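**Student:** The structure follows.
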Amino acid sequence: MAEPVAALDARDLSHRFGPVRALAGVDLAVAPTERVALLGPNGSGKTTLLRIASTRLAPEAGRVAVAGHDVETEPDAVRRRVGVVFQSPALDGALTVREALRFQAALVRVPRAELSLRVDVALADAGLTDRASDRVGTLSGGLLRRLDLARGLLHRPALALLDEPTTGLDPLARDTFWSVLDRRRADGAQLIATHLMDEAARCDRVVILDRGRVVADGTPQALTAALGPDALWLEAEDPATLASALATEGLPGRAIGDRVLVQSPRARDLVADLYARPDVRGVSIQPPTLADVFAARVGQPPATP
């Protein structure tokens with residue numbers, strides 16, 4: 001039996017903006033119906049990757065295919081197979097909610113015989129049936145996000161590309177947004193750029209980009225397990241000096257922000273001795289989280305919302 005065609009297949013993908021290297025040889029495959037989180041600091045290449053996959057930007061080098069179609073040689077076929085939900089909703093405020101979805105359906109060539117049903121299902125799925133006749137410009141931020149998601153998923157794309165789609169939403173609106181994503185899991189793959197660790201934890205895989213390169217790729221459980229059973233953090237006046245001192249003593253430590261991350265299978269046994277050091281102001285230990293993984297791989301803590 002033939003292997004299923006990947007929803008996204010990026011090989012040795014590179015791109016520059018003048019002297020700035022946004023992507024540097026990225027390899028990334030996303031399986032059908034797989035949900036993948038893209039994490040990374042600002043400027044790591046997340047948005048550039050999504051723009052290339054959506055045909056909005058031609059890659060400088062490498063190859064990208066969506067559902068088997070090359071983004072450079074078959075852009076129209078790719079556009080019919082991707083759904084895009086970026087940070088700013090691409091919606092005309094003068095249209096009604098139903099008109100906005102019907103307009104999108106025409107753009108992505110939803111069969112005329114299916115159009116009304118698809119729009120009705122999208123409205124119901126996003127909880128917007130009772131707002132179908134309202135002007136888009138009258139909707140709140142949370143409702144706009146839900147409408148934009150409904151628009152992006154209307155044609156059941158092979159690959160949904162979402163670039164920090166919940167930015168600015170309150171917790172309740174974020175939960176509602178994610179419930180729509182959850183209900184549409186079977187329709188196709190989802191590639192979600194986010195800076196929120198709890199959102200990344202809801203994905204099948206987490207890919208961390210830093211300076212245009214993939215520095216981590218695995219399930220949330222595998223990535224946290226790789227740090228060991230415990231993450232040991234030390235507070236210090238001079239984290240870099242403390243990390244160097246620990247290294248000379250055979251204890252690996254990495255200065256990250258104003259703290260030092262110590263990775264050791266004996267973390268709990270080290271707490272008392274480390275706390276007694278004059279160059280250590282405080283010690284905390286807990287099972288590692290995705291935020292710890294991010295800090296360890298990128299060298300800085302994740303941004304706070």
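Scheme for the structure tokens: letters A, B, ... for chains in order shown; per-chain residue numbers from 1; ligand numbers from 1 in order shown.
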Please produce, as a tab-separated table, a per-residue contact table for segment 138-164 of chain A versus segment 194-209 of chain A (criterion: any atom at most 10 Å away, only C-alpha atoms considered), showing the nearest atom pair and its distance in Å to one decimal, sorted by chain then residue number.

**Tutor:**
residue	atom	partner	partner_atom	distance
A:Leu162	CA	A:Thr194	CA	8.5
A:Asp163	CA	A:Thr194	CA	6.7
A:Glu164	CA	A:Thr194	CA	4.7

**Student:** Check the DSSP output for the backbone and give back, as an mmCIF file with N, CA and C atoms, in the first residue's frame, the residues of segment 120-271 of chain A in helix (DSSP H, G or I).

**Tutor:**
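The result, stored in states.cif:
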data_model
loop_
_atom_site.group_PDB
_atom_site.id
_atom_site.type_symbol
_atom_site.label_atom_id
_atom_site.label_comp_id
_atom_site.auth_asym_id
_atom_site.auth_seq_id
_atom_site.Cartn_x
_atom_site.Cartn_y
_atom_site.Cartn_z
ATOM 1 N N ASP A 120 -23.752 26.678 5.899
ATOM 2 C CA ASP A 120 -24.574 26.437 7.082
ATOM 3 C C ASP A 120 -23.802 25.649 8.140
ATOM 4 N N VAL A 121 -23.057 24.638 7.689
ATOM 5 C CA VAL A 121 -22.265 23.824 8.622
ATOM 6 C C VAL A 121 -21.173 24.678 9.272
ATOM 7 N N ALA A 122 -20.527 25.526 8.461
ATOM 8 C CA ALA A 122 -19.467 26.384 8.990
ATOM 9 C C ALA A 122 -20.018 27.360 10.025
ATOM 10 N N LEU A 123 -21.193 27.928 9.750
ATOM 11 C CA LEU A 123 -21.819 28.847 10.699
ATOM 12 C C LEU A 123 -22.141 28.143 12.016
ATOM 13 N N ALA A 124 -22.715 26.949 11.905
ATOM 14 C CA ALA A 124 -23.077 26.204 13.110
ATOM 15 C C ALA A 124 -21.838 25.790 13.887
ATOM 16 N N ASP A 125 -20.819 25.352 13.178
ATOM 17 C CA ASP A 125 -19.602 24.882 13.818
ATOM 18 C C ASP A 125 -18.921 26.001 14.604
ATOM 19 N N THR A 129 -24.492 30.920 13.721
ATOM 20 C CA THR A 129 -25.737 30.815 12.958
ATOM 21 C C THR A 129 -26.660 32.001 13.229
ATOM 22 N N ASP A 130 -26.753 32.406 14.504
ATOM 23 C CA ASP A 130 -27.660 33.515 14.834
ATOM 24 C C ASP A 130 -27.090 34.875 14.465
ATOM 25 N N ARG A 131 -25.846 34.901 13.979
ATOM 26 C CA ARG A 131 -25.223 36.170 13.554
ATOM 27 C C ARG A 131 -25.010 36.200 12.042
ATOM 28 N N VAL A 136 -20.074 42.001 9.177
ATOM 29 C CA VAL A 136 -18.809 41.562 9.760
ATOM 30 C C VAL A 136 -18.210 42.651 10.635
ATOM 31 N N GLY A 137 -18.366 43.899 10.210
ATOM 32 C CA GLY A 137 -17.784 45.012 10.952
ATOM 33 C C GLY A 137 -18.390 45.247 12.311
ATOM 34 N N THR A 138 -19.505 44.584 12.622
ATOM 35 C CA THR A 138 -20.153 44.764 13.928
ATOM 36 C C THR A 138 -19.745 43.681 14.923
ATOM 37 N N GLY A 141 -14.083 41.016 18.679
ATOM 38 C CA GLY A 141 -12.829 40.382 18.281
ATOM 39 C C GLY A 141 -12.891 38.868 18.311
ATOM 40 N N GLY A 142 -13.516 38.310 19.353
ATOM 41 C CA GLY A 142 -13.630 36.868 19.440
ATOM 42 C C GLY A 142 -14.474 36.275 18.328
ATOM 43 N N LEU A 143 -15.592 36.931 18.006
ATOM 44 C CA LEU A 143 -16.450 36.441 16.916
ATOM 45 C C LEU A 143 -15.755 36.573 15.572
ATOM 46 N N LEU A 144 -14.982 37.650 15.395
ATOM 47 C CA LEU A 144 -14.220 37.806 14.150
ATOM 48 C C LEU A 144 -13.233 36.656 13.963
ATOM 49 N N ARG A 145 -12.557 36.267 15.058
ATOM 50 C CA ARG A 145 -11.620 35.153 14.988
ATOM 51 C C ARG A 145 -12.333 33.864 14.606
ATOM 52 N N ARG A 146 -13.489 33.639 15.198
ATOM 53 C CA ARG A 146 -14.229 32.424 14.875
ATOM 54 C C ARG A 146 -14.702 32.430 13.421
ATOM 55 N N LEU A 147 -15.122 33.610 12.932
ATOM 56 C CA LEU A 147 -15.525 33.708 11.533
ATOM 57 C C LEU A 147 -14.325 33.485 10.611
ATOM 58 N N ASP A 148 -13.191 34.047 10.968
ATOM 59 C CA ASP A 148 -11.999 33.873 10.135
ATOM 60 C C ASP A 148 -11.575 32.407 10.096
ATOM 61 N N LEU A 149 -11.701 31.718 11.223
ATOM 62 C CA LEU A 149 -11.393 30.286 11.242
ATOM 63 C C LEU A 149 -12.385 29.512 10.384
ATOM 64 N N ALA A 150 -13.676 29.851 10.495
ATOM 65 C CA ALA A 150 -14.687 29.194 9.662
ATOM 66 C C ALA A 150 -14.390 29.422 8.185
ATOM 67 N N ARG A 151 -13.975 30.648 7.847
ATOM 68 C CA ARG A 151 -13.604 30.953 6.461
ATOM 69 C C ARG A 151 -12.410 30.102 6.017
ATOM 70 N N GLY A 152 -11.396 29.991 6.876
ATOM 71 C CA GLY A 152 -10.203 29.250 6.500
ATOM 72 C C GLY A 152 -10.420 27.756 6.368
ATOM 73 N N LEU A 153 -11.411 27.214 7.099
ATOM 74 C CA LEU A 153 -11.653 25.770 7.084
ATOM 75 C C LEU A 153 -12.858 25.377 6.234
ATOM 76 N N PRO A 171 -9.281 34.206 27.642
ATOM 77 C CA PRO A 171 -9.229 32.739 27.799
ATOM 78 C C PRO A 171 -10.476 32.015 27.313
ATOM 79 N N LEU A 172 -11.661 32.572 27.581
ATOM 80 C CA LEU A 172 -12.890 31.917 27.139
ATOM 81 C C LEU A 172 -12.979 31.893 25.615
ATOM 82 N N ALA A 173 -12.636 33.007 24.982
ATOM 83 C CA ALA A 173 -12.671 33.058 23.517
ATOM 84 C C ALA A 173 -11.632 32.114 22.916
ATOM 85 N N ARG A 174 -10.468 31.992 23.559
ATOM 86 C CA ARG A 174 -9.459 31.051 23.083
ATOM 87 C C ARG A 174 -9.966 29.624 23.157
ATOM 88 N N ASP A 175 -10.621 29.270 24.265
ATOM 89 C CA ASP A 175 -11.151 27.911 24.400
ATOM 90 C C ASP A 175 -12.190 27.615 23.327
ATOM 91 N N THR A 176 -13.049 28.601 23.054
ATOM 92 C CA THR A 176 -14.059 28.412 22.007
ATOM 93 C C THR A 176 -13.404 28.228 20.652
ATOM 94 N N PHE A 177 -12.378 29.022 20.366
ATOM 95 C CA PHE A 177 -11.650 28.917 19.105
ATOM 96 C C PHE A 177 -11.046 27.522 18.955
ATOM 97 N N TRP A 178 -10.409 27.031 20.029
ATOM 98 C CA TRP A 178 -9.784 25.717 19.957
ATOM 99 C C TRP A 178 -10.811 24.592 19.858
ATOM 100 N N SER A 179 -11.986 24.776 20.399
ATOM 101 C CA SER A 179 -13.009 23.740 20.273
ATOM 102 C C SER A 179 -13.412 23.559 18.812
ATOM 103 N N VAL A 180 -13.415 24.663 18.049
ATOM 104 C CA VAL A 180 -13.694 24.553 16.607
ATOM 105 C C VAL A 180 -12.571 23.779 15.921
ATOM 106 N N LEU A 181 -11.337 24.102 16.250
ATOM 107 C CA LEU A 181 -10.212 23.366 15.680
ATOM 108 C C LEU A 181 -10.296 21.882 16.007
ATOM 109 N N ASP A 182 -10.668 21.569 17.240
ATOM 110 C CA ASP A 182 -10.766 20.168 17.652
ATOM 111 C C ASP A 182 -11.814 19.425 16.840
ATOM 112 N N ARG A 183 -12.933 20.086 16.577
ATOM 113 C CA ARG A 183 -14.002 19.421 15.834
ATOM 114 C C ARG A 183 -13.627 19.185 14.376
ATOM 115 N N ARG A 185 -10.548 18.265 13.292
ATOM 116 C CA ARG A 185 -9.303 17.522 13.207
ATOM 117 C C ARG A 185 -9.283 16.525 12.052
ATOM 118 N N ALA A 186 -10.406 15.877 11.791
ATOM 119 C CA ALA A 186 -10.437 14.820 10.782
ATOM 120 C C ALA A 186 -10.380 15.354 9.360
ATOM 121 N N ASP A 187 -10.613 16.653 9.168
ATOM 122 C CA ASP A 187 -10.674 17.208 7.816
ATOM 123 C C ASP A 187 -9.304 17.323 7.162
ATOM 124 N N MET A 197 2.460 28.075 25.417
ATOM 125 C CA MET A 197 2.856 26.706 25.681
ATOM 126 C C MET A 197 1.657 25.772 25.841
ATOM 127 N N ASP A 198 0.553 26.273 26.412
ATOM 128 C CA ASP A 198 -0.601 25.398 26.584
ATOM 129 C C ASP A 198 -1.215 25.037 25.236
ATOM 130 N N GLU A 199 -1.116 25.937 24.253
ATOM 131 C CA GLU A 199 -1.611 25.610 22.919
ATOM 132 C C GLU A 199 -0.696 24.585 22.255
ATOM 133 N N ALA A 200 0.605 24.751 22.410
ATOM 134 C CA ALA A 200 1.539 23.784 21.831
ATOM 135 C C ALA A 200 1.326 22.396 22.426
ATOM 136 N N PRO A 220 5.109 16.528 22.556
ATOM 137 C CA PRO A 220 5.340 17.277 23.796
ATOM 138 C C PRO A 220 5.918 16.404 24.901
ATOM 139 N N GLN A 221 5.440 15.158 24.975
ATOM 140 C CA GLN A 221 5.911 14.261 26.026
ATOM 141 C C GLN A 221 7.378 13.890 25.820
ATOM 142 N N ALA A 222 7.769 13.623 24.565
ATOM 143 C CA ALA A 222 9.154 13.232 24.300
ATOM 144 C C ALA A 222 10.110 14.393 24.543
ATOM 145 N N LEU A 223 9.702 15.587 24.175
ATOM 146 C CA LEU A 223 10.577 16.745 24.358
ATOM 147 C C LEU A 223 10.805 17.058 25.831
ATOM 148 N N THR A 224 9.749 16.982 26.626
ATOM 149 C CA THR A 224 9.933 17.254 28.054
ATOM 150 C C THR A 224 10.712 16.122 28.721
ATOM 151 N N ALA A 225 10.480 14.873 28.311
ATOM 152 C CA ALA A 225 11.198 13.751 28.903
ATOM 153 C C ALA A 225 12.694 13.835 28.644
ATOM 154 N N PRO A 239 24.141 34.895 36.398
ATOM 155 C CA PRO A 239 23.882 33.547 35.898
ATOM 156 C C PRO A 239 25.006 32.986 35.027
ATOM 157 N N ALA A 240 25.605 33.810 34.176
ATOM 158 C CA ALA A 240 26.659 33.310 33.286
ATOM 159 C C ALA A 240 27.865 32.820 34.086
ATOM 160 N N THR A 241 28.254 33.574 35.100
ATOM 161 C CA THR A 241 29.387 33.174 35.932
ATOM 162 C C THR A 241 29.069 31.903 36.712
ATOM 163 N N LEU A 242 27.839 31.796 37.232
ATOM 164 C CA LEU A 242 27.435 30.594 37.951
ATOM 165 C C LEU A 242 27.467 29.380 37.033
ATOM 166 N N ALA A 243 26.944 29.525 35.807
ATOM 167 C CA ALA A 243 26.946 28.402 34.863
ATOM 168 C C ALA A 243 28.370 27.947 34.560
ATOM 169 N N SER A 244 29.286 28.893 34.397
ATOM 170 C CA SER A 244 30.691 28.545 34.134
ATOM 171 C C SER A 244 31.302 27.820 35.323
ATOM 172 N N ALA A 245 30.993 28.298 36.530
ATOM 173 C CA ALA A 245 31.529 27.658 37.727
ATOM 174 C C ALA A 245 31.013 26.229 37.867
ATOM 175 N N LEU A 246 29.737 26.039 37.602
ATOM 176 C CA LEU A 246 29.176 24.695 37.692
ATOM 177 C C LEU A 246 29.809 23.764 36.664
ATOM 178 N N ALA A 247 30.093 24.296 35.467
ATOM 179 C CA ALA A 247 30.699 23.477 34.422
ATOM 180 C C ALA A 247 32.071 22.961 34.845
ATOM 181 N N THR A 248 32.850 23.802 35.521
ATOM 182 C CA THR A 248 34.181 23.371 35.976
ATOM 183 C C THR A 248 34.073 22.293 37.041
ATOM 184 N N ALA A 267 19.007 15.616 39.886
ATOM 185 C CA ALA A 267 18.616 16.981 40.232
ATOM 186 C C ALA A 267 18.148 17.105 41.678
ATOM 187 N N ARG A 268 17.312 16.211 42.140
ATOM 188 C CA ARG A 268 16.777 16.326 43.498
ATOM 189 C C ARG A 268 17.864 16.141 44.555
ATOM 190 N N ASP A 269 18.864 15.313 44.256
ATOM 191 C CA ASP A 269 19.952 15.098 45.210
ATOM 192 C C ASP A 269 20.860 16.325 45.318
ATOM 193 N N LEU A 270 20.807 17.204 44.322
ATOM 194 C CA LEU A 270 21.716 18.349 44.290
ATOM 195 C C LEU A 270 21.150 19.595 44.970
ATOM 196 N N VAL A 271 19.863 19.579 45.262
ATOM 197 C CA VAL A 271 19.200 20.796 45.719
ATOM 198 C C VAL A 271 19.858 21.382 46.962
#

**Student:** Excluding Thr48 of chain A and residues on its chain fewer than 5 positions from it, collect all residues at most 12 Å away from it, counting only C-alpha atoms, and give them as a list in words.

**Tutor:** Leu13, Ser14, His15, Arg16, Phe17, Val20, Arg21, Ala22, Leu23, Ala24, Val26, Leu38, Asn42, Gly43, Ala53, Ser54, Thr55, Arg56, Leu57, Ala58, Pro59, Glu60, Phe86, Leu161, Asp163, Ala193, Leu209, Arg211 and Gly212 of chain A

**Student:** If you run DSSP on this backbone, which residues of segment 80-120 of chain A come out as strand (DSSP E), and could you give them as a list in words?

**Tutor:** Val82, Gly83, Val84 and Val85 of chain A

**Student:** Which residue gives the smallest distance to Val84 of chain A among A:Val280, A:Ala29, A:Ala61, A:Ala158, with only C-alpha atoms counted?

**Tutor:**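 The answer is A:Ala158, which sits nearest to Val84 of chain A.
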
**Student:** How far is it from atom CA of Val293 of chain A to atom CA of Arg277 of chain A, in Å with one decimal?

**Tutor:**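 Atom CA of Val293 of chain A sits 25.8 Å away from atom CA of Arg277 of chain A.
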